[in-house]
$ cat entry.csv   # CSV, C-alpha atoms
chain,number,residue,atom,x,y,z
A,27,MET,CA,0.0,0.0,0.0
A,28,LEU,CA,1.1,3.6,-0.6
A,29,LEU,CA,1.7,5.9,2.3
A,30,ARG,CA,2.2,9.7,2.7
A,31,SER,CA,2.9,9.2,6.4
A,32,LEU,CA,4.2,6.4,8.6
A,33,GLN,CA,1.5,7.1,11.3
A,34,ILE,CA,-1.8,6.1,9.9
A,35,PRO,CA,-5.3,5.4,11.2
A,36,ARG,CA,-5.8,1.7,12.0
A,37,GLY,CA,-8.7,1.4,9.5
A,38,GLU,CA,-6.5,2.6,6.7
A,39,PHE,CA,-3.8,0.1,7.5
A,40,GLU,CA,-6.4,-2.7,7.7
A,41,ALA,CA,-8.0,-1.7,4.4
A,42,GLY,CA,-4.6,-1.2,2.6
A,43,THR,CA,-3.0,-4.4,3.7
A,44,GLY,CA,-5.8,-6.8,4.3
A,45,TRP,CA,-4.6,-7.6,7.8
A,46,SER,CA,-6.9,-6.8,10.8
A,47,LEU,CA,-5.3,-5.7,14.0
A,48,LYS,CA,-6.8,-7.5,16.9
A,49,ARG,CA,-5.9,-8.3,20.5
A,50,GLU,CA,-4.2,-11.5,19.4
A,51,GLY,CA,-2.1,-9.8,16.8
A,52,ALA,CA,-2.4,-9.1,13.0
A,53,CYS,CA,-4.9,-11.5,11.5
A,54,ARG,CA,-5.9,-12.7,8.1
A,55,GLY,CA,-8.7,-15.2,8.2
A,56,SER,CA,-7.8,-17.5,11.1
A,57,VAL,CA,-4.0,-16.9,10.8
A,58,CYS,CA,-2.7,-14.4,13.4
A,59,ILE,CA,0.8,-13.0,13.9
A,60,PRO,CA,1.6,-11.6,17.3
A,61,LEU,CA,2.6,-7.9,17.4
A,62,SER,CA,5.3,-6.4,19.6
A,63,THR,CA,3.0,-3.6,20.8
A,64,GLN,CA,-0.8,-3.5,20.8
A,65,PRO,CA,-1.7,-0.9,18.1
A,66,GLY,CA,-4.1,1.8,19.1
A,67,GLU,CA,-6.2,3.9,16.8
A,68,ALA,CA,-3.0,5.2,15.1
A,69,VAL,CA,-0.7,2.6,13.7
A,70,ASP,CA,3.1,3.0,13.7
A,71,VAL,CA,3.7,1.5,10.2
A,72,THR,CA,7.4,0.9,10.6
A,73,GLU,CA,6.9,-1.2,13.8
A,74,VAL,CA,4.0,-3.3,12.4
A,75,ALA,CA,5.8,-3.8,9.1
A,76,ASN,CA,8.7,-5.1,11.0
A,77,ASP,CA,6.6,-7.5,13.0
A,78,LEU,CA,4.8,-8.8,9.8
A,79,GLY,CA,8.0,-8.9,7.7
A,80,MET,CA,6.5,-6.3,5.3
A,81,PRO,CA,9.1,-4.4,3.2
A,82,LEU,CA,8.9,-0.6,3.4
A,83,VAL,CA,10.4,1.4,0.5
A,84,LYS,CA,10.7,5.2,0.5
A,85,ALA,CA,10.9,7.4,-2.5
A,86,SER,CA,14.0,9.6,-2.4
A,87,ARG,CA,13.4,13.3,-1.5
A,88,ARG,CA,9.6,12.7,-1.1
A,89,LYS,CA,7.2,11.9,1.7
A,90,LEU,CA,6.0,8.8,-0.1
A,91,TRP,CA,6.4,5.2,0.9
A,92,ALA,CA,5.2,1.8,-0.4
A,93,LEU,CA,4.5,-1.0,2.0
A,94,GLY,CA,4.8,-4.4,0.4
A,95,PRO,CA,2.9,-7.5,1.3
A,96,ALA,CA,3.8,-10.0,4.0
A,97,SER,CA,5.8,-13.0,2.9
A,98,THR,CA,5.7,-15.0,6.1
A,99,GLY,CA,3.8,-18.0,4.8
A,100,GLY,CA,5.9,-18.3,1.6
A,101,HIS,CA,2.8,-17.8,-0.6
A,102,ALA,CA,0.7,-14.9,-2.0
A,103,LEU,CA,-2.2,-16.2,0.1
A,104,THR,CA,-1.9,-16.7,3.9
A,105,SER,CA,-5.5,-18.1,4.2
A,106,ALA,CA,-8.2,-19.1,1.7
A,107,GLU,CA,-10.5,-16.5,3.3
A,108,ALA,CA,-10.7,-13.7,0.6
A,109,PRO,CA,-9.3,-10.4,1.8
A,110,GLU,CA,-11.5,-7.4,1.4
A,111,LEU,CA,-11.0,-5.7,-1.9
A,112,CYS,CA,-12.1,-2.1,-2.2
A,113,LEU,CA,-11.6,-0.4,-5.5
A,114,PRO,CA,-13.3,2.4,-7.5
A,115,ASP,CA,-15.2,2.0,-10.7
A,116,LEU,CA,-14.9,4.3,-13.7
A,117,ASN,CA,-17.0,7.0,-11.9
A,118,GLY,CA,-14.9,6.9,-8.7
A,119,GLN,CA,-17.6,5.0,-6.8
A,120,GLU,CA,-16.0,2.6,-4.3
A,121,PHE,CA,-17.0,-1.0,-4.6
A,122,ARG,CA,-16.4,-3.7,-1.9
A,123,LEU,CA,-15.9,-7.3,-2.7
A,124,SER,CA,-17.7,-8.3,0.5
A,125,SER,CA,-20.9,-6.8,-0.8
A,126,LEU,CA,-21.2,-9.9,-3.0
A,127,ARG,CA,-21.3,-12.4,-0.2
A,128,GLY,CA,-24.0,-15.0,-1.0
A,129,GLN,CA,-22.9,-15.2,-4.6
A,130,LYS,CA,-20.1,-17.0,-6.3
A,131,VAL,CA,-17.6,-14.5,-7.6
A,132,LEU,CA,-15.0,-14.6,-10.3
A,133,ILE,CA,-12.5,-11.7,-10.1
A,134,TYR,CA,-11.1,-11.1,-13.6
A,135,ALA,CA,-7.9,-9.2,-14.0
A,136,TRP,CA,-7.3,-7.4,-17.4
A,137,ALA,CA,-5.3,-4.5,-18.6
A,138,PRO,CA,-5.6,-2.0,-21.5
A,139,TYR,CA,-2.0,-2.6,-22.7
B,39,MET,CA,-17.6,-12.7,-24.6
B,40,TRP,CA,-17.3,-12.6,-20.8
B,41,GLN,CA,-20.4,-10.4,-20.7
B,42,ALA,CA,-22.5,-13.2,-22.4
B,43,LEU,CA,-21.1,-15.8,-20.1
B,44,ARG,CA,-21.8,-13.6,-17.0
B,45,ASP,CA,-25.4,-13.1,-18.2
B,46,GLU,CA,-25.8,-16.8,-18.6
B,47,LEU,CA,-24.5,-17.6,-15.1
B,48,HIS,CA,-25.8,-14.6,-13.2
B,49,PRO,CA,-29.3,-16.1,-12.5
B,50,LYS,CA,-27.5,-19.1,-11.0
B,51,GLY,CA,-26.0,-17.0,-8.2
B,52,PHE,CA,-22.8,-15.9,-10.0
B,53,GLU,CA,-21.2,-12.5,-10.4
B,54,LEU,CA,-18.2,-11.4,-12.5
B,55,VAL,CA,-16.0,-8.6,-11.2
B,56,THR,CA,-13.6,-7.2,-13.8
B,57,VAL,CA,-10.6,-5.3,-12.6
B,58,GLY,CA,-8.5,-3.2,-15.0
B,59,LEU,CA,-4.8,-3.0,-13.8
B,60,ASP,CA,-3.4,0.3,-15.0
B,61,THR,CA,-1.3,3.0,-13.4
B,62,LEU,CA,-3.1,5.5,-15.7
B,63,GLY,CA,-6.4,4.4,-13.9
B,64,GLY,CA,-9.7,5.3,-15.4
B,65,GLU,CA,-8.0,7.4,-18.1
B,66,GLY,CA,-6.3,4.2,-19.4
B,67,CYS,CA,-9.2,1.9,-19.0
B,68,ARG,CA,-12.2,4.1,-20.0
B,69,THR,CA,-12.5,3.4,-23.7
B,70,PHE,CA,-12.4,-0.4,-23.2
B,71,ILE,CA,-15.0,-0.3,-20.4
B,72,GLU,CA,-17.3,2.1,-22.2
B,73,ALA,CA,-17.2,-0.1,-25.3
B,74,ALA,CA,-18.0,-3.2,-23.2
B,75,ARG,CA,-20.9,-1.6,-21.3
B,76,PRO,CA,-20.6,-4.1,-18.4
B,77,ALA,CA,-23.7,-4.9,-16.3
B,78,HIS,CA,-21.3,-6.4,-13.6
B,79,PRO,CA,-18.9,-4.4,-11.3
B,80,SER,CA,-16.0,-3.1,-13.4
B,81,LEU,CA,-13.2,-1.7,-11.2
B,82,ILE,CA,-10.0,0.2,-11.7
B,83,ASP,CA,-6.8,-0.9,-9.9
B,84,ALA,CA,-4.2,1.8,-10.5
B,85,HIS,CA,-1.5,0.3,-8.2
B,86,HIS,CA,-2.1,-3.4,-8.9
B,87,VAL,CA,-3.4,-4.3,-5.4
B,88,LEU,CA,-4.5,-7.6,-7.0
B,89,ALA,CA,-0.9,-8.6,-7.2
B,90,ASP,CA,-0.4,-8.0,-3.4
B,91,LEU,CA,-3.7,-9.5,-2.3
B,92,PHE,CA,-4.1,-12.4,-4.7
B,93,GLY,CA,-0.8,-13.0,-6.5
B,94,ILE,CA,-1.9,-11.9,-9.9
B,95,THR,CA,1.1,-12.0,-12.2
B,96,ASN,CA,-0.4,-11.8,-15.7
B,97,ILE,CA,-3.5,-10.9,-17.6
B,98,PRO,CA,-6.0,-12.3,-18.0
B,99,MET,CA,-6.1,-14.1,-14.7
B,100,SER,CA,-8.9,-15.0,-12.3
B,101,VAL,CA,-9.7,-15.9,-8.7
B,102,TRP,CA,-12.8,-17.8,-7.8
B,103,ILE,CA,-14.5,-17.0,-4.5
B,104,ASP,CA,-17.5,-18.9,-3.0
B,105,GLU,CA,-20.7,-17.6,-1.4
B,106,ASN,CA,-19.0,-17.4,2.0
B,107,GLY,CA,-16.1,-15.3,0.8
B,108,VAL,CA,-13.7,-18.3,0.7
B,109,ILE,CA,-11.3,-18.5,-2.3
B,110,VAL,CA,-11.7,-21.9,-4.0
B,111,ARG,CA,-9.3,-21.3,-6.9
B,112,PRO,CA,-6.3,-18.9,-6.5
B,113,ALA,CA,-4.9,-16.7,-9.3
B,114,GLU,CA,-4.7,-18.6,-12.5
B,115,THR,CA,-4.8,-18.0,-16.2
B,116,ALA,CA,-8.4,-17.2,-17.3
B,117,PRO,CA,-8.7,-17.6,-21.1
B,118,ALA,CA,-11.6,-15.9,-22.9
B,119,PRO,CA,-14.7,-18.1,-23.4
B,120,PRO,CA,-14.4,-20.2,-26.6
B,121,ARG,CA,-16.1,-18.4,-29.5
B,122,ALA,CA,-19.1,-19.9,-31.3
B,123,GLY,CA,-18.2,-18.4,-34.6
B,124,PRO,CA,-15.3,-16.7,-36.3
B,125,PRO,CA,-13.6,-13.9,-34.4
B,126,PRO,CA,-15.0,-10.5,-35.0
B,127,GLY,CA,-13.2,-8.3,-37.5
B,128,VAL,CA,-10.3,-6.4,-36.0
B,129,ASN,CA,-9.7,-2.9,-37.2
B,130,LEU,CA,-6.0,-2.8,-37.9
B,131,PRO,CA,-4.4,-0.1,-39.9
B,132,GLY,CA,-3.6,-1.1,-43.4
B,133,GLU,CA,0.1,-1.0,-42.9
B,134,MET,CA,1.4,-2.7,-39.7
B,135,PRO,CA,4.8,-1.9,-38.3
B,136,GLN,CA,7.1,-4.9,-38.6
B,137,ARG,CA,7.3,-5.2,-34.8
B,138,PHE,CA,3.5,-5.7,-34.6
B,139,VAL,CA,3.5,-8.4,-37.3
B,140,GLU,CA,6.1,-10.2,-35.2
B,141,MET,CA,4.2,-9.6,-31.9
B,142,MET,CA,1.0,-11.0,-33.4
B,143,THR,CA,2.8,-14.0,-34.7
B,144,GLU,CA,4.1,-14.8,-31.2
B,145,ALA,CA,0.7,-14.0,-29.6
B,146,ALA,CA,-1.0,-16.5,-32.0
B,147,LYS,CA,1.2,-19.2,-30.4
B,148,ILE,CA,0.1,-18.5,-26.8
B,149,ARG,CA,-1.7,-21.4,-25.3
B,150,SER,CA,-5.4,-21.2,-24.4
B,151,ASP,CA,-7.1,-23.9,-22.4
B,152,ALA,CA,-10.4,-22.1,-22.8
B,153,ALA,CA,-12.6,-25.2,-23.3
B,154,GLU,CA,-11.4,-26.9,-20.1
B,155,TYR,CA,-11.4,-23.7,-18.0
B,156,HIS,CA,-14.9,-22.7,-19.0
B,157,ALA,CA,-16.3,-26.2,-18.5
B,158,ALA,CA,-14.8,-26.2,-15.0
B,159,LEU,CA,-16.3,-22.8,-14.3
B,160,LYS,CA,-19.8,-23.9,-15.3
B,161,ASP,CA,-19.4,-27.1,-13.2
B,162,TRP,CA,-18.5,-25.0,-10.2
B,163,VAL,CA,-21.4,-22.6,-10.6
B,164,ALA,CA,-23.7,-25.6,-10.9
B,165,ASN,CA,-22.3,-27.8,-8.1
B,166,GLY,CA,-20.4,-25.5,-5.7
B,167,ALA,CA,-18.2,-27.2,-3.1
B,168,ALA,CA,-19.2,-30.6,-4.7
B,169,SER,CA,-17.4,-29.6,-7.9
B,170,GLU,CA,-14.1,-31.3,-8.4
B,171,PHE,CA,-12.7,-27.9,-9.4
B,172,SER,CA,-13.5,-26.3,-6.1
B,173,LEU,CA,-10.2,-26.7,-4.1
B,174,GLN,CA,-9.8,-27.2,-0.4
B,175,PRO,CA,-8.5,-24.2,1.6
B,176,HIS,CA,-5.0,-25.7,2.1
B,177,GLU,CA,-4.7,-26.4,-1.6
B,178,VAL,CA,-5.7,-22.8,-2.4
B,179,VAL,CA,-3.0,-21.4,-0.2
B,180,GLU,CA,-0.4,-23.9,-1.5
B,181,ARG,CA,-1.3,-23.3,-5.1
B,182,SER,CA,-1.1,-19.5,-4.7
B,183,ARG,CA,2.0,-17.8,-6.1
B,184,PRO,CA,5.2,-18.4,-4.2
B,185,ARG,CA,6.2,-15.3,-2.3
B,186,ASN,CA,9.5,-14.7,-0.5
B,187,ALA,CA,11.0,-11.5,1.0
B,188,ASP,CA,12.4,-10.5,-2.4
B,189,VAL,CA,9.0,-10.8,-4.1
B,190,ALA,CA,7.4,-8.8,-1.4
B,191,LEU,CA,10.0,-6.1,-1.7
B,192,GLY,CA,9.5,-6.1,-5.5
B,193,HIS,CA,5.8,-5.4,-5.0
B,194,ALA,CA,6.7,-2.4,-2.8
B,195,HIS,CA,9.0,-1.0,-5.5
B,196,PHE,CA,6.2,-1.5,-8.1
B,197,GLN,CA,3.6,0.4,-6.2
B,198,LEU,CA,6.1,3.2,-5.4
B,199,ALA,CA,6.9,3.4,-9.2
B,200,SER,CA,3.2,3.5,-10.0
B,201,ALA,CA,2.6,6.4,-7.6
B,202,LEU,CA,5.7,8.3,-8.8
B,203,GLU,CA,4.5,7.9,-12.4
B,204,ILE,CA,1.1,9.4,-11.5
B,205,ASP,CA,2.8,12.2,-9.6
B,206,GLY,CA,4.7,13.1,-12.8
B,207,HIS,CA,8.2,11.7,-11.8
B,208,HIS,CA,8.7,9.4,-14.6
B,209,ASP,CA,12.5,8.9,-14.3
B,210,ALA,CA,12.2,8.1,-10.6
B,211,ALA,CA,9.4,5.7,-11.5
B,212,VAL,CA,11.5,3.9,-14.0
B,213,LYS,CA,14.2,3.1,-11.4
B,214,HIS,CA,11.6,1.5,-9.1
B,215,PHE,CA,9.9,-0.4,-12.0
B,216,ARG,CA,13.4,-1.8,-12.8
B,217,GLU,CA,13.8,-3.0,-9.2
B,218,ALA,CA,10.4,-4.6,-9.3
B,219,HIS,CA,11.3,-6.4,-12.5
B,220,ARG,CA,14.5,-7.7,-11.0
B,221,LEU,CA,12.9,-8.9,-7.8
B,222,VAL,CA,9.7,-10.4,-9.3
B,223,PRO,CA,10.9,-11.8,-12.6
B,224,ASP,CA,7.8,-14.0,-13.1
B,225,SER,CA,5.4,-11.0,-13.2
B,226,TRP,CA,4.3,-10.1,-16.7
B,227,THR,CA,2.0,-7.4,-15.4
B,228,PHE,CA,4.8,-5.6,-13.6
B,229,ARG,CA,6.8,-5.5,-16.9
B,230,ARG,CA,3.9,-4.9,-19.3
B,231,GLN,CA,2.7,-2.0,-17.1
B,232,ALA,CA,6.1,-0.3,-17.2
B,233,TRP,CA,6.6,-0.9,-20.9
B,234,SER,CA,3.2,0.5,-21.7
B,235,LEU,CA,4.2,3.8,-20.1
B,236,GLU,CA,7.0,4.2,-22.6
B,237,THR,CA,4.5,5.4,-25.3
B,238,VAL,CA,5.5,5.5,-28.9
B,239,GLY,CA,3.8,8.2,-31.0
B,240,ASP,CA,0.1,9.0,-30.8
B,241,GLY,CA,-1.4,6.2,-32.9
B,242,PRO,CA,-3.3,3.1,-31.9
B,243,PHE,CA,-0.1,1.3,-31.0
B,244,ARG,CA,1.2,3.9,-28.6
B,245,ARG,CA,0.9,1.7,-25.5
B,246,PHE,CA,1.2,-1.6,-27.3
B,247,TRP,CA,4.6,-1.1,-28.7
B,248,GLN,CA,6.1,-2.5,-25.4
B,249,GLY,CA,9.7,-2.2,-26.5
B,250,PRO,CA,12.4,0.0,-28.0
B,251,THR,CA,11.6,2.2,-31.0
B,252,PRO,CA,13.5,1.6,-34.2
B,253,ASP,CA,14.5,5.3,-34.3
B,254,ASP,CA,16.3,5.3,-30.9
B,255,PRO,CA,16.6,1.8,-29.4
B,256,SER,CA,19.2,3.0,-26.9
B,257,ALA,CA,16.6,5.2,-25.1
B,258,TRP,CA,14.7,2.1,-24.0
B,259,PRO,CA,15.1,2.0,-20.2
B,260,TYR,CA,14.4,-1.7,-19.5
B,261,HIS,CA,16.3,-4.9,-19.8
B,262,GLY,CA,13.5,-6.8,-21.6
B,263,ASP,CA,10.6,-6.0,-23.9
B,264,TRP,CA,7.5,-7.9,-24.9
B,265,LEU,CA,8.9,-9.5,-28.0
B,266,THR,CA,12.3,-10.4,-26.5
B,267,ASP,CA,10.8,-11.8,-23.3
B,268,VAL,CA,8.0,-13.8,-24.9
B,269,ARG,CA,10.5,-15.3,-27.3
B,270,ALA,CA,12.9,-16.1,-24.4
B,271,VAL,CA,10.3,-18.1,-22.5
B,272,GLY,CA,8.6,-19.4,-25.6
B,273,ALA,CA,5.1,-18.0,-26.5
B,274,GLU,CA,3.6,-21.5,-25.7
B,275,ASN,CA,4.8,-21.1,-22.1
B,276,TYR,CA,3.5,-17.6,-21.7
B,277,ASN,CA,0.4,-18.8,-19.9
B,278,ASP,CA,0.5,-21.6,-17.3
B,279,SER,CA,-1.4,-24.6,-18.5
B,280,TRP,CA,-4.8,-25.3,-16.9
B,281,ARG,CA,-4.5,-27.5,-13.9
B,282,PRO,CA,-7.8,-29.1,-12.7
$ encode --input "entry.csv" --output "structure tokens"
Amino acid sequence: MLLRSLQIPRGEFEAGTGWSLKREGACRGSVCIPLSTQPGEAVDVTEVANDLGMPLVKASRRKLWALGPASTGGHALTSAEAPELCLPDLNGQEFRLSSLRGQKVLIYAWAPY
Amino acid sequence: MWQALRDELHPKGFELVTVGLDTLGGEGCRTFIEAARPAHPSLIDAHHVLADLFGITNIPMSVWIDENGVIVRPAETAPAPPRAGPPPGVNLPGEMPQRFVEMMTEAAKIRSDAAEYHAALKDWVANGAASEFSLQPHEVVERSRPRNADVALGHAHFQLASALEIDGHHDAAVKHFREAHRLVPDSWTFRRQAWSLETVGDGPFRRFWQGPTPDDPSAWPYHGDWLTDVRAVGAENYNDSWRP
């Protein structure tokens, strides 16, 4: 996920990474990884990234960072439980994958190039 | 083609969600989406979060998710539905640049397991968890793309590159795209995205050139390009073969 600050609201971290921050740690589906400190409403990205083994790359001379995904399990998926996917449509309207619960869904990736 | 299939399966409790992966966002995807007039959700993924979240490495690829939000097939090649008749006429300019003739020759060799894939999709929509194509959770995780620390770092470089490109810092973006390509050598989308931003001219090929221009090949900032890389792996290996 892209960051303009390394202190971000908890909800933003959860939406951007797909990991929920709970009492037992950072969780994805039933898989939880303990955290060194219990995050409050603001998340110290550097610290949580370190706990989860997420790479953090900074753009030179700019307040812009990219936080890469966790690689702890050795696979792109840590759990078969689908992460929330929240993306805009052509009109900028946000769509949530979870709004389709109760239906079978095929996510189809394409590109115009 | 996908629209017709979606309309057929939608009454059976199925929905298609198409996601356009493009740093240029809606600007890059608009003409394609407007031409398709989709009835299903059609989303824009400017920074390729599908790569992070699901391990998408090429297009077209799909992920199947059941009624409970559980992935039953991880990212895999998703060929277009088999056509009933001849392909529709393609409007190509009368005179094709030599590079495009060569690219289309390679593209014609790309494997498509469309018949098997679409039969499996219909079977899953009809039979759900009882379908032999619906995988168990542990199989889903094991079959998802391998990811080590280098791959994860490459994803971060890619997103940073994408954001820098949008902010107008193209040269800085190129440096991070190159890192992403080095660290995630099996991602075609990371390469094709970067190549597509090196536009050539204003014509219909501007984003499809995907390689050095004949006028100034030394200006090409990347190690590979579409034609060279596809030939290196062999067009027939460009897509993974369908695995039931």
$ closest_residue --input "entry.csv" --among "B:Ala164, B:Ala157, B:Ala190, B:Val178" --to "Ala75 in chain A" --atoms "all atoms listed in the file"
B:Ala190
$ atom_distance --input "entry.csv" --atom1 "CA of Pro35 in chain A" --atom2 "CA of Leu47 in chain A"
11.4 Å
$ residues_near_point --input "entry.csv" --point "(1.7, -19.7, -32.5)" --cutoff "12 Å" --atoms "only C-alpha atoms" --output "MDAnalysis selection string"
chainID B and resid 140:150 268:269 272:276
$ write_last_selection --input "entry.csv" --atoms "C-alpha atoms" --output "mmCIF file, in the coordinates of the input"
data_model
loop_
_atom_site.group_PDB
_atom_site.id
_atom_site.type_symbol
_atom_site.label_atom_id
_atom_site.label_comp_id
_atom_site.auth_asym_id
_atom_site.auth_seq_id
_atom_site.Cartn_x
_atom_site.Cartn_y
_atom_site.Cartn_z
ATOM 1 C CA GLU B 140 6.100 -10.200 -35.200
ATOM 2 C CA MET B 141 4.200 -9.600 -31.900
ATOM 3 C CA MET B 142 1.000 -11.000 -33.400
ATOM 4 C CA THR B 143 2.800 -14.000 -34.700
ATOM 5 C CA GLU B 144 4.100 -14.800 -31.200
ATOM 6 C CA ALA B 145 0.700 -14.000 -29.600
ATOM 7 C CA ALA B 146 -1.000 -16.500 -32.000
ATOM 8 C CA LYS B 147 1.200 -19.200 -30.400
ATOM 9 C CA ILE B 148 0.100 -18.500 -26.800
ATOM 10 C CA ARG B 149 -1.700 -21.400 -25.300
ATOM 11 C CA SER B 150 -5.400 -21.200 -24.400
ATOM 12 C CA VAL B 268 8.000 -13.800 -24.900
ATOM 13 C CA ARG B 269 10.500 -15.300 -27.300
ATOM 14 C CA GLY B 272 8.600 -19.400 -25.600
ATOM 15 C CA ALA B 273 5.100 -18.000 -26.500
ATOM 16 C CA GLU B 274 3.600 -21.500 -25.700
ATOM 17 C CA ASN B 275 4.800 -21.100 -22.100
ATOM 18 C CA TYR B 276 3.500 -17.600 -21.700
#
$ residues_around --input "entry.csv" --residues "Gly94 in chain A" --least-positions-apart "3" --cutoff "7 Å" --atoms "all atoms listed in the file" --output "PyMOL selection string"
(chain A and resi 27+80-82) or (chain B and resi 190-191+193-194)
$ atom_distance --input "entry.csv" --atom1 "CA of Arg111 in chain B" --atom2 "CA of Pro223 in chain B"
23.0 Å
$ closest_atom_pairs --input "entry.csv" --of "chain A" --to "chain B" --cutoff "6 Å" --atoms "all atoms listed in the file" --output "JSON lines"
{"residue": "A:Pro81", "atom": "CA", "partner": "B:Leu191", "partner_atom": "CA", "distance": 5.3}
{"residue": "A:Ala92", "atom": "CA", "partner": "B:Ala194", "partner_atom": "CA", "distance": 5.1}
{"residue": "A:Leu93", "atom": "CA", "partner": "B:Ala194", "partner_atom": "CA", "distance": 5.5}
{"residue": "A:Gly94", "atom": "CA", "partner": "B:Ala194", "partner_atom": "CA", "distance": 4.2}
{"residue": "A:Pro95", "atom": "CA", "partner": "B:Ala190", "partner_atom": "CA", "distance": 5.4}
{"residue": "A:Ser97", "atom": "CA", "partner": "B:Asn186", "partner_atom": "CA", "distance": 5.3}
{"residue": "A:Gly100", "atom": "CA", "partner": "B:Arg185", "partner_atom": "CA", "distance": 4.9}
{"residue": "A:His101", "atom": "CA", "partner": "B:Pro184", "partner_atom": "CA", "distance": 4.4}
{"residue": "A:Ala102", "atom": "CA", "partner": "B:Gly93", "partner_atom": "CA", "distance": 5.1}
{"residue": "A:Leu103", "atom": "CA", "partner": "B:Val179", "partner_atom": "CA", "distance": 5.3}
{"residue": "A:Ala106", "atom": "CA", "partner": "B:Ile109", "partner_atom": "CA", "distance": 5.1}
{"residue": "A:Glu107", "atom": "CA", "partner": "B:Val108", "partner_atom": "CA", "distance": 4.5}
{"residue": "A:Ala108", "atom": "CA", "partner": "B:Val108", "partner_atom": "CA", "distance": 5.5}
{"residue": "A:Pro114", "atom": "CA", "partner": "B:Leu81", "partner_atom": "CA", "distance": 5.5}
{"residue": "A:Asp115", "atom": "CA", "partner": "B:Leu81", "partner_atom": "CA", "distance": 4.2}
{"residue": "A:Leu116", "atom": "CA", "partner": "B:Gly64", "partner_atom": "CA", "distance": 5.6}
{"residue": "A:Arg127", "atom": "CA", "partner": "B:Glu105", "partner_atom": "CA", "distance": 5.4}
{"residue": "A:Gly128", "atom": "CA", "partner": "B:Glu105", "partner_atom": "CA", "distance": 4.2}
{"residue": "A:Gln129", "atom": "CA", "partner": "B:Glu105", "partner_atom": "CA", "distance": 4.6}
{"residue": "A:Lys130", "atom": "CA", "partner": "B:Asp104", "partner_atom": "CA", "distance": 4.6}
{"residue": "A:Val131", "atom": "CA", "partner": "B:Glu53", "partner_atom": "CA", "distance": 5.0}
{"residue": "A:Leu132", "atom": "CA", "partner": "B:Trp102", "partner_atom": "CA", "distance": 4.6}
{"residue": "A:Ile133", "atom": "CA", "partner": "B:Val55", "partner_atom": "CA", "distance": 4.8}
{"residue": "A:Tyr134", "atom": "CA", "partner": "B:Thr56", "partner_atom": "CA", "distance": 4.6}
{"residue": "A:Ala135", "atom": "CA", "partner": "B:Val57", "partner_atom": "CA", "distance": 4.9}
{"residue": "A:Trp136", "atom": "CA", "partner": "B:Gly58", "partner_atom": "CA", "distance": 5.0}
{"residue": "A:Ala137", "atom": "CA", "partner": "B:Gly58", "partner_atom": "CA", "distance": 5.0}
{"residue": "A:Pro138", "atom": "CA", "partner": "B:Cys67", "partner_atom": "CA", "distance": 5.9}
{"residue": "A:Tyr139", "atom": "CA", "partner": "B:Phe246", "partner_atom": "CA", "distance": 5.7}
